[in-house]
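Shown next, in structure tokens, is the structure this report addresses.
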Amino acid sequence: MRRKASITLLSVGHACVDVYQGAVASLIPFLVAERGYGYAAAAGVVLAASLLSSVAQPLFGALTDRRPVPFLLPAATLLAGLGIALSATGGSYALTLACVAVSGAGVAAYHPESARVARLAGGGSHSAMGWFALGGNVGFALAPLLVTAVVGTGGLGWTPLLVLPALLGAALNLTALRAPEQRRHSAGTAPPAGADDTASFLRLSLAVVCRSVVFTGLSSFLSLYAAQRLGGGTAAGTAALFVLYLGGAAGSVLGGRLAGRWDRVTVCRWSYLLSVAAVAGVVWVPGPALYLCVALTSAGLYVPFSLQVTLGQDYLPSRVGTAGGVTLGLTVSVGGLASPLIGRVADATSLRTALAPLVLMPVLSWLLLRTLPEPAGPGGRAEAPAAVAQRAVPKS
């Protein structure tokens, strides 16, 4: 029961942080409407949030490998919230970029340490990590609803109200860290459980980057694209973005369950094959069927989400913080680096033309995972997923 309580608190705290990752894309239609931003300028906002986060995430991961820093969970949550809350308070484009960059830094600081703490709190269970990842995906799903409710009602001047989830998340993370069992887990990291497989980790990381490009590219422009394709203005765009993020919540839990029946690499490969057809449907299937394609895309991209985190930690058992920072945090942020290119192509041609190349990204992820091994056990053969995860957890 203590373990479930800790994972629940950490999961809800994760939701409060990832609201701010989803909020960046959710603010784009309002910035376009009120400030007249073009696609390239809007993509620059996504880039500002992603660039610092992408660079800082591995650095924070390396820091957590050297020593536990559990205080980063509440502190980073507050930083992420303050950045978004202040991002649209003035009319300056430069100020907006600076504020979303600060929010991205908070997100970067949060994820490596939270992945380490959640893995230990869950006892190495794929299911527990799935529930922890679910929290982040729920936060993403709530972001367009929250931003539309606040900014859609009072305009960009109401963005300071968006700090409220950060206050809640900081309180929940503090509560989780103060639990006696969690304080013991947070005081140290798991000892190395075997040799690092750096080559496999690099291939996994490249697959994560490809996944990030397609997810961030879609989330950045899906609201505008759905409004163009279906009519209905902001409401149609908000609904499409909500479906994209909500499907991720279901995908994360499903991924943990599927990994109990098949190995993680196999589940990830089949998920990316599904994503190829689903992303193609988002780009080319006409009418309201767009929403079904968005839901399938979300499931296909999120089933591997928590599995990639534990795979990365098992490939780098001596550097679980770095592994978590790359696979949990970088999986979202690095895709924002491609957003300005998508925006420029959209300005020069159309959104459909700019989004079409995203169909290739899940293909590349599948190719990278096609011969990737499941982390091997002491006998040199792939172990059951639960056994692999359990080796990385200290006995208490």
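Chains: A, B, ... in order of the structure tokens. Residues: from 1 per chain. Ligands: from 1, in order shown.
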
Neighbours of A:Phe30 within 10 Å (only C-alpha atoms; same-chain residues fewer than 6 positions away dropped), as a PDB file with all heavy atoms, in the first residue's frame?
ATOM      1  N   GLY A  36      -0.802  37.655 -34.047  1.00  0.00           N
ATOM      2  CA  GLY A  36      -0.571  37.548 -35.473  1.00  0.00           C
ATOM      3  C   GLY A  36       0.695  36.813 -35.855  1.00  0.00           C
ATOM      4  O   GLY A  36       1.268  37.049 -36.920  1.00  0.00           O
ATOM      5  N   TYR A  37       1.158  35.866 -35.016  1.00  0.00           N
ATOM      6  CA  TYR A  37       2.359  35.101 -35.342  1.00  0.00           C
ATOM      7  C   TYR A  37       2.122  34.237 -36.581  1.00  0.00           C
ATOM      8  O   TYR A  37       1.049  33.648 -36.754  1.00  0.00           O
ATOM      9  CB  TYR A  37       2.754  34.178 -34.189  1.00  0.00           C
ATOM     10  CG  TYR A  37       3.281  34.865 -32.952  1.00  0.00           C
ATOM     11  CD1 TYR A  37       3.520  34.147 -31.792  1.00  0.00           C
ATOM     12  CD2 TYR A  37       3.570  36.231 -32.936  1.00  0.00           C
ATOM     13  CE1 TYR A  37       4.012  34.745 -30.642  1.00  0.00           C
ATOM     14  CE2 TYR A  37       4.058  36.847 -31.802  1.00  0.00           C
ATOM     15  CZ  TYR A  37       4.277  36.102 -30.653  1.00  0.00           C
ATOM     16  OH  TYR A  37       4.751  36.709 -29.520  1.00  0.00           O
ATOM     17  N   ALA A  88       3.098  34.983 -21.422  1.00  0.00           N
ATOM     18  CA  ALA A  88       2.293  35.842 -22.294  1.00  0.00           C
ATOM     19  C   ALA A  88       1.802  37.095 -21.581  1.00  0.00           C
ATOM     20  O   ALA A  88       0.850  37.727 -22.019  1.00  0.00           O
ATOM     21  CB  ALA A  88       1.095  35.060 -22.843  1.00  0.00           C
ATOM     22  N   VAL A 147      -5.653  25.444 -20.750  1.00  0.00           N
ATOM     23  CA  VAL A 147      -5.283  26.679 -21.445  1.00  0.00           C
ATOM     24  C   VAL A 147      -6.500  27.314 -22.113  1.00  0.00           C
ATOM     25  O   VAL A 147      -6.698  28.530 -22.057  1.00  0.00           O
ATOM     26  CB  VAL A 147      -4.171  26.400 -22.475  1.00  0.00           C
ATOM     27  CG1 VAL A 147      -3.938  27.612 -23.369  1.00  0.00           C
ATOM     28  CG2 VAL A 147      -2.877  26.023 -21.760  1.00  0.00           C
ATOM     29  N   THR A 148      -7.347  26.499 -22.736  1.00  0.00           N
ATOM     30  CA  THR A 148      -8.544  27.041 -23.384  1.00  0.00           C
ATOM     31  C   THR A 148      -9.497  27.650 -22.366  1.00  0.00           C
ATOM     32  O   THR A 148     -10.078  28.719 -22.590  1.00  0.00           O
ATOM     33  CB  THR A 148      -9.259  25.933 -24.180  1.00  0.00           C
ATOM     34  OG1 THR A 148      -8.372  25.432 -25.181  1.00  0.00           O
ATOM     35  CG2 THR A 148     -10.516  26.464 -24.850  1.00  0.00           C
ATOM     36  N   VAL A 151      -7.183  30.961 -20.949  1.00  0.00           N
ATOM     37  CA  VAL A 151      -6.830  31.966 -21.953  1.00  0.00           C
ATOM     38  C   VAL A 151      -8.007  32.241 -22.884  1.00  0.00           C
ATOM     39  O   VAL A 151      -8.209  33.377 -23.334  1.00  0.00           O
ATOM     40  CB  VAL A 151      -5.584  31.526 -22.748  1.00  0.00           C
ATOM     41  CG1 VAL A 151      -5.166  32.592 -23.759  1.00  0.00           C
ATOM     42  CG2 VAL A 151      -4.430  31.232 -21.793  1.00  0.00           C
ATOM     43  N   GLY A 152      -8.803  31.199 -23.164  1.00  0.00           N
ATOM     44  CA  GLY A 152      -9.968  31.408 -24.002  1.00  0.00           C
ATOM     45  C   GLY A 152     -10.995  32.320 -23.348  1.00  0.00           C
ATOM     46  O   GLY A 152     -11.776  32.993 -24.031  1.00  0.00           O
ATOM     47  N   GLY A 155      -8.187  35.811 -22.281  1.00  0.00           N
ATOM     48  CA  GLY A 155      -7.099  36.238 -23.151  1.00  0.00           C
ATOM     49  C   GLY A 155      -5.737  35.920 -22.559  1.00  0.00           C
ATOM     50  O   GLY A 155      -5.616  35.344 -21.467  1.00  0.00           O
ATOM     51  N   LEU A 156      -4.691  36.301 -23.266  1.00  0.00           N
ATOM     52  CA  LEU A 156      -3.334  35.997 -22.834  1.00  0.00           C
ATOM     53  C   LEU A 156      -2.981  36.648 -21.500  1.00  0.00           C
ATOM     54  O   LEU A 156      -2.086  36.171 -20.792  1.00  0.00           O
ATOM     55  CB  LEU A 156      -2.333  36.437 -23.906  1.00  0.00           C
ATOM     56  CG  LEU A 156      -2.387  35.671 -25.232  1.00  0.00           C
ATOM     57  CD1 LEU A 156      -1.442  36.306 -26.244  1.00  0.00           C
ATOM     58  CD2 LEU A 156      -2.027  34.199 -25.022  1.00  0.00           C
ATOM     59  N   THR A 234     -11.141  27.231 -32.920  1.00  0.00           N
ATOM     60  CA  THR A 234     -10.313  26.785 -31.793  1.00  0.00           C
ATOM     61  C   THR A 234     -10.855  25.522 -31.145  1.00  0.00           C
ATOM     62  O   THR A 234     -10.090  24.668 -30.691  1.00  0.00           O
ATOM     63  CB  THR A 234     -10.216  27.905 -30.746  1.00  0.00           C
ATOM     64  OG1 THR A 234      -9.675  29.081 -31.351  1.00  0.00           O
ATOM     65  CG2 THR A 234      -9.302  27.489 -29.599  1.00  0.00           C
TER      66      THR A 234
END

What are the nearest atom pairs, with distances in Å to one decimal, for all residues of stretch 64-125 of chain A that come at most 12 Å from stretch 22-26 of chain A, using only C-alpha atoms, set out by chain and rising residue number as CSV?
residue,atom,partner,partner_atom,distance
A:Ala80,CA,A:Ala23,CA,10.6
A:Gly81,CA,A:Ala23,CA,9.9
A:Gly83,CA,A:Val24,CA,10.4
A:Ile84,CA,A:Ala23,CA,7.6
A:Ala85,CA,A:Ala23,CA,10.0
A:Ser87,CA,A:Val24,CA,9.4
A:Ala88,CA,A:Val24,CA,10.8
A:Thr96,CA,A:Val24,CA,10.6
A:Leu97,CA,A:Val24,CA,10.7
A:Cys99,CA,A:Val24,CA,10.8
A:Val100,CA,A:Val24,CA,7.5
A:Ala101,CA,A:Val24,CA,10.4
A:Ser103,CA,A:Val24,CA,9.5
A:Gly104,CA,A:Val24,CA,9.7
A:Val107,CA,A:Gly22,CA,11.3

Let me see the file: selected residues, all heavy atoms, as a PDB file, in the first residue's frame.
ATOM      1  N   ALA A  80       8.866  25.250 -13.801  1.00  0.00           N
ATOM      2  CA  ALA A  80       8.118  24.991 -15.026  1.00  0.00           C
ATOM      3  C   ALA A  80       6.822  25.789 -15.056  1.00  0.00           C
ATOM      4  O   ALA A  80       6.439  26.355 -16.095  1.00  0.00           O
ATOM      5  CB  ALA A  80       7.823  23.500 -15.154  1.00  0.00           C
ATOM      6  N   GLY A  81       6.130  25.859 -13.919  1.00  0.00           N
ATOM      7  CA  GLY A  81       4.872  26.588 -13.864  1.00  0.00           C
ATOM      8  C   GLY A  81       5.034  28.089 -13.974  1.00  0.00           C
ATOM      9  O   GLY A  81       4.268  28.756 -14.675  1.00  0.00           O
ATOM     10  N   GLY A  83       7.396  29.747 -15.496  1.00  0.00           N
ATOM     11  CA  GLY A  83       7.761  30.125 -16.848  1.00  0.00           C
ATOM     12  C   GLY A  83       6.552  30.272 -17.755  1.00  0.00           C
ATOM     13  O   GLY A  83       6.415  31.276 -18.473  1.00  0.00           O
ATOM     14  N   ILE A  84       5.656  29.301 -17.712  1.00  0.00           N
ATOM     15  CA  ILE A  84       4.453  29.370 -18.556  1.00  0.00           C
ATOM     16  C   ILE A  84       3.518  30.472 -18.062  1.00  0.00           C
ATOM     17  O   ILE A  84       2.906  31.196 -18.858  1.00  0.00           O
ATOM     18  CB  ILE A  84       3.730  28.016 -18.567  1.00  0.00           C
ATOM     19  CG1 ILE A  84       4.581  26.973 -19.298  1.00  0.00           C
ATOM     20  CG2 ILE A  84       2.360  28.126 -19.239  1.00  0.00           C
ATOM     21  CD1 ILE A  84       4.874  27.287 -20.746  1.00  0.00           C
ATOM     22  N   ALA A  85       3.395  30.625 -16.742  1.00  0.00           N
ATOM     23  CA  ALA A  85       2.488  31.635 -16.191  1.00  0.00           C
ATOM     24  C   ALA A  85       2.869  33.046 -16.629  1.00  0.00           C
ATOM     25  O   ALA A  85       1.997  33.909 -16.801  1.00  0.00           O
ATOM     26  CB  ALA A  85       2.479  31.545 -14.668  1.00  0.00           C
ATOM     27  N   SER A  87       4.669  33.720 -19.467  1.00  0.00           N
ATOM     28  CA  SER A  87       5.091  33.714 -20.869  1.00  0.00           C
ATOM     29  C   SER A  87       4.322  34.692 -21.754  1.00  0.00           C
ATOM     30  O   SER A  87       4.860  35.160 -22.761  1.00  0.00           O
ATOM     31  CB  SER A  87       4.964  32.301 -21.449  1.00  0.00           C
ATOM     32  OG  SER A  87       3.611  31.874 -21.440  1.00  0.00           O
ATOM     33  N   ALA A  88       3.098  34.983 -21.422  1.00  0.00           N
ATOM     34  CA  ALA A  88       2.293  35.842 -22.294  1.00  0.00           C
ATOM     35  C   ALA A  88       1.802  37.095 -21.581  1.00  0.00           C
ATOM     36  O   ALA A  88       0.850  37.727 -22.019  1.00  0.00           O
ATOM     37  CB  ALA A  88       1.095  35.060 -22.843  1.00  0.00           C
ATOM     38  N   THR A  96       8.443  36.284 -24.300  1.00  0.00           N
ATOM     39  CA  THR A  96       7.741  35.006 -24.401  1.00  0.00           C
ATOM     40  C   THR A  96       8.730  33.864 -24.581  1.00  0.00           C
ATOM     41  O   THR A  96       8.625  32.815 -23.921  1.00  0.00           O
ATOM     42  CB  THR A  96       6.743  35.036 -25.577  1.00  0.00           C
ATOM     43  OG1 THR A  96       5.746  36.021 -25.316  1.00  0.00           O
ATOM     44  CG2 THR A  96       6.075  33.686 -25.754  1.00  0.00           C
ATOM     45  N   LEU A  97       9.714  34.054 -25.455  1.00  0.00           N
ATOM     46  CA  LEU A  97      10.717  33.009 -25.680  1.00  0.00           C
ATOM     47  C   LEU A  97      11.511  32.731 -24.400  1.00  0.00           C
ATOM     48  O   LEU A  97      11.769  31.566 -24.063  1.00  0.00           O
ATOM     49  CB  LEU A  97      11.676  33.431 -26.796  1.00  0.00           C
ATOM     50  CG  LEU A  97      11.086  33.614 -28.194  1.00  0.00           C
ATOM     51  CD1 LEU A  97      12.194  33.955 -29.184  1.00  0.00           C
ATOM     52  CD2 LEU A  97      10.348  32.354 -28.657  1.00  0.00           C
ATOM     53  N   CYS A  99      10.608  33.178 -21.259  1.00  0.00           N
ATOM     54  CA  CYS A  99       9.790  32.535 -20.222  1.00  0.00           C
ATOM     55  C   CYS A  99       9.548  31.055 -20.525  1.00  0.00           C
ATOM     56  O   CYS A  99       9.622  30.219 -19.617  1.00  0.00           O
ATOM     57  CB  CYS A  99       8.471  33.278 -20.061  1.00  0.00           C
ATOM     58  SG  CYS A  99       8.623  34.885 -19.257  1.00  0.00           S
ATOM     59  N   VAL A 100       9.240  30.729 -21.781  1.00  0.00           N
ATOM     60  CA  VAL A 100       9.017  29.312 -22.092  1.00  0.00           C
ATOM     61  C   VAL A 100      10.331  28.542 -22.000  1.00  0.00           C
ATOM     62  O   VAL A 100      10.338  27.342 -21.694  1.00  0.00           O
ATOM     63  CB  VAL A 100       8.348  29.118 -23.470  1.00  0.00           C
ATOM     64  CG1 VAL A 100       6.968  29.745 -23.498  1.00  0.00           C
ATOM     65  CG2 VAL A 100       9.206  29.641 -24.599  1.00  0.00           C
ATOM     66  N   ALA A 101      11.473  29.213 -22.233  1.00  0.00           N
ATOM     67  CA  ALA A 101      12.772  28.566 -22.047  1.00  0.00           C
ATOM     68  C   ALA A 101      13.001  28.238 -20.575  1.00  0.00           C
ATOM     69  O   ALA A 101      13.514  27.161 -20.232  1.00  0.00           O
ATOM     70  CB  ALA A 101      13.894  29.454 -22.582  1.00  0.00           C
ATOM     71  N   SER A 103      10.656  27.668 -18.406  1.00  0.00           N
ATOM     72  CA  SER A 103       9.780  26.531 -18.143  1.00  0.00           C
ATOM     73  C   SER A 103      10.416  25.235 -18.625  1.00  0.00           C
ATOM     74  O   SER A 103      10.370  24.198 -17.947  1.00  0.00           O
ATOM     75  CB  SER A 103       8.421  26.743 -18.834  1.00  0.00           C
ATOM     76  OG  SER A 103       7.560  25.653 -18.588  1.00  0.00           O
ATOM     77  N   GLY A 104      11.031  25.276 -19.813  1.00  0.00           N
ATOM     78  CA  GLY A 104      11.715  24.091 -20.326  1.00  0.00           C
ATOM     79  C   GLY A 104      12.841  23.643 -19.424  1.00  0.00           C
ATOM     80  O   GLY A 104      13.079  22.433 -19.254  1.00  0.00           O
ATOM     81  N   VAL A 107      11.317  21.695 -16.610  1.00  0.00           N
ATOM     82  CA  VAL A 107      10.959  20.350 -17.076  1.00  0.00           C
ATOM     83  C   VAL A 107      12.208  19.471 -17.147  1.00  0.00           C
ATOM     84  O   VAL A 107      12.197  18.298 -16.758  1.00  0.00           O
ATOM     85  CB  VAL A 107      10.264  20.435 -18.448  1.00  0.00           C
ATOM     86  CG1 VAL A 107      10.128  19.052 -19.078  1.00  0.00           C
ATOM     87  CG2 VAL A 107       8.893  21.088 -18.303  1.00  0.00           C
TER      88      VAL A 107
END

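Candidate residues A:Ala199, A:Leu177, A:Leu145, A:Ala49 were compared for distance to A:Ala5, and the nearest is A:Leu177, using only C-alpha atoms.
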
Quick one: residues within 7 Å of A:Ala226, only C-alpha atoms counted, chain neighbours fewer than 2 positions away excluded, as a PyMOL selection string? chain A and resi 222-224+228-230+236-237+240

Limited to C-alpha atoms, could you put the picked residues into a file as an mmCIF file, in the first residue's frame?
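Saved the output as part-v6.cif:
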data_model
loop_
_atom_site.group_PDB
_atom_site.id
_atom_site.type_symbol
_atom_site.label_atom_id
_atom_site.label_comp_id
_atom_site.auth_asym_id
_atom_site.auth_seq_id
_atom_site.Cartn_x
_atom_site.Cartn_y
_atom_site.Cartn_z
ATOM 1 C CA LEU A 222 -2.358 19.833 -34.849
ATOM 2 C CA SER A 223 -4.699 22.480 -33.414
ATOM 3 C CA LEU A 224 -4.224 24.730 -36.430
ATOM 4 C CA GLN A 228 -8.327 24.147 -41.150
ATOM 5 C CA ARG A 229 -9.467 20.645 -42.094
ATOM 6 C CA LEU A 230 -12.675 20.430 -40.075
ATOM 7 C CA ALA A 236 -11.939 21.690 -33.230
ATOM 8 C CA GLY A 237 -8.220 22.231 -32.687
ATOM 9 C CA ALA A 240 -7.815 17.163 -31.652
#

Surrounding residues of A:Ala195 excluding itself and chain neighbours under 4 positions, 9 Å, only C-alpha atoms, as a VMD selection string: chain A and resid 315 to 318

Go through stretch 160-266 of chain A and flag each residue having an atom no more than 9 Å from stretch 342-354 of chain A; for those, report the closest pair of atoms plus their distance in Å to one decimal, using only C-alpha atoms, ordered by chain and rising number, as CSV.
residue,atom,partner,partner_atom,distance
A:Gly217,CA,A:Ile342,CA,7.3
A:Phe221,CA,A:Leu351,CA,7.9
A:Leu224,CA,A:Leu351,CA,8.6
A:Tyr225,CA,A:Leu351,CA,6.6

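Across the structure, atom CA of A:His14 and atom CA of A:Gly122 are spaced 14.5 Å apart.
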
So which residues touch A:Gly251 within 10 Å, counting only C-alpha atoms, skipping near sequence neighbours fewer than 2 positions away, as a PyMOL selection string? chain A and resi 130+133-134+137+245-249+253-257+271+295-306

From the list A:Thr266, A:Val214, A:Ala40, A:Gly61, which residue is nearest A:Val359 when using only C-alpha atoms? A:Val214

Quick one: everything within 8 Å of A:Val19, counting only C-alpha atoms, minus sequence neighbours fewer than 5 positions away in the same chain. Send it as a PyMOL selection string. chain A and resi 136+139-143+165

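Once A:Ser114 and its same-chain neighbours fewer than 4 positions away are set aside, Leu10, Ser11, Gly13, His14, Thr64, Val69, Pro70, Leu72, Leu73, Ala109, Tyr110, Ala118, Arg119, Leu120, Phe132, Asn173, Gly321, Gly324, Gly325 and Leu328 of chain A remain within 10 Å of it when counting only C-alpha atoms.
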
Could you turn the residues from that selection into a file that holds C-alpha atoms, as a PDB file, in the first residue's frame?
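Contents of out-v3.pdb, as written:
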ATOM      1  CA  LEU A  10       4.516  10.880  -7.914  1.00  0.00           C
ATOM      2  CA  SER A  11       2.199  10.203 -10.853  1.00  0.00           C
ATOM      3  CA  GLY A  13       2.938  15.315  -9.443  1.00  0.00           C
ATOM      4  CA  HIS A  14       4.212  14.237 -12.869  1.00  0.00           C
ATOM      5  CA  THR A  64      21.516  12.647 -10.374  1.00  0.00           C
ATOM      6  CA  VAL A  69      18.800  15.418  -5.564  1.00  0.00           C
ATOM      7  CA  PRO A  70      15.149  14.758  -4.613  1.00  0.00           C
ATOM      8  CA  LEU A  72      14.590  18.999  -7.613  1.00  0.00           C
ATOM      9  CA  LEU A  73      11.099  17.495  -7.880  1.00  0.00           C
ATOM     10  CA  ALA A 109      15.462  19.405 -14.084  1.00  0.00           C
ATOM     11  CA  TYR A 110      12.413  17.374 -13.084  1.00  0.00           C
ATOM     12  CA  ALA A 118       9.733   6.463  -9.408  1.00  0.00           C
ATOM     13  CA  ARG A 119      11.722   3.387 -10.478  1.00  0.00           C
ATOM     14  CA  LEU A 120      12.873   2.804  -6.903  1.00  0.00           C
ATOM     15  CA  PHE A 132       4.033   7.069 -13.378  1.00  0.00           C
ATOM     16  CA  ASN A 173       6.020  15.838  -4.622  1.00  0.00           C
ATOM     17  CA  GLY A 321      19.727   9.172 -14.075  1.00  0.00           C
ATOM     18  CA  GLY A 324      15.980   8.457 -17.485  1.00  0.00           C
ATOM     19  CA  GLY A 325      16.793  12.003 -18.537  1.00  0.00           C
ATOM     20  CA  LEU A 328      11.782  10.208 -20.344  1.00  0.00           C
TER      21      LEU A 328
END
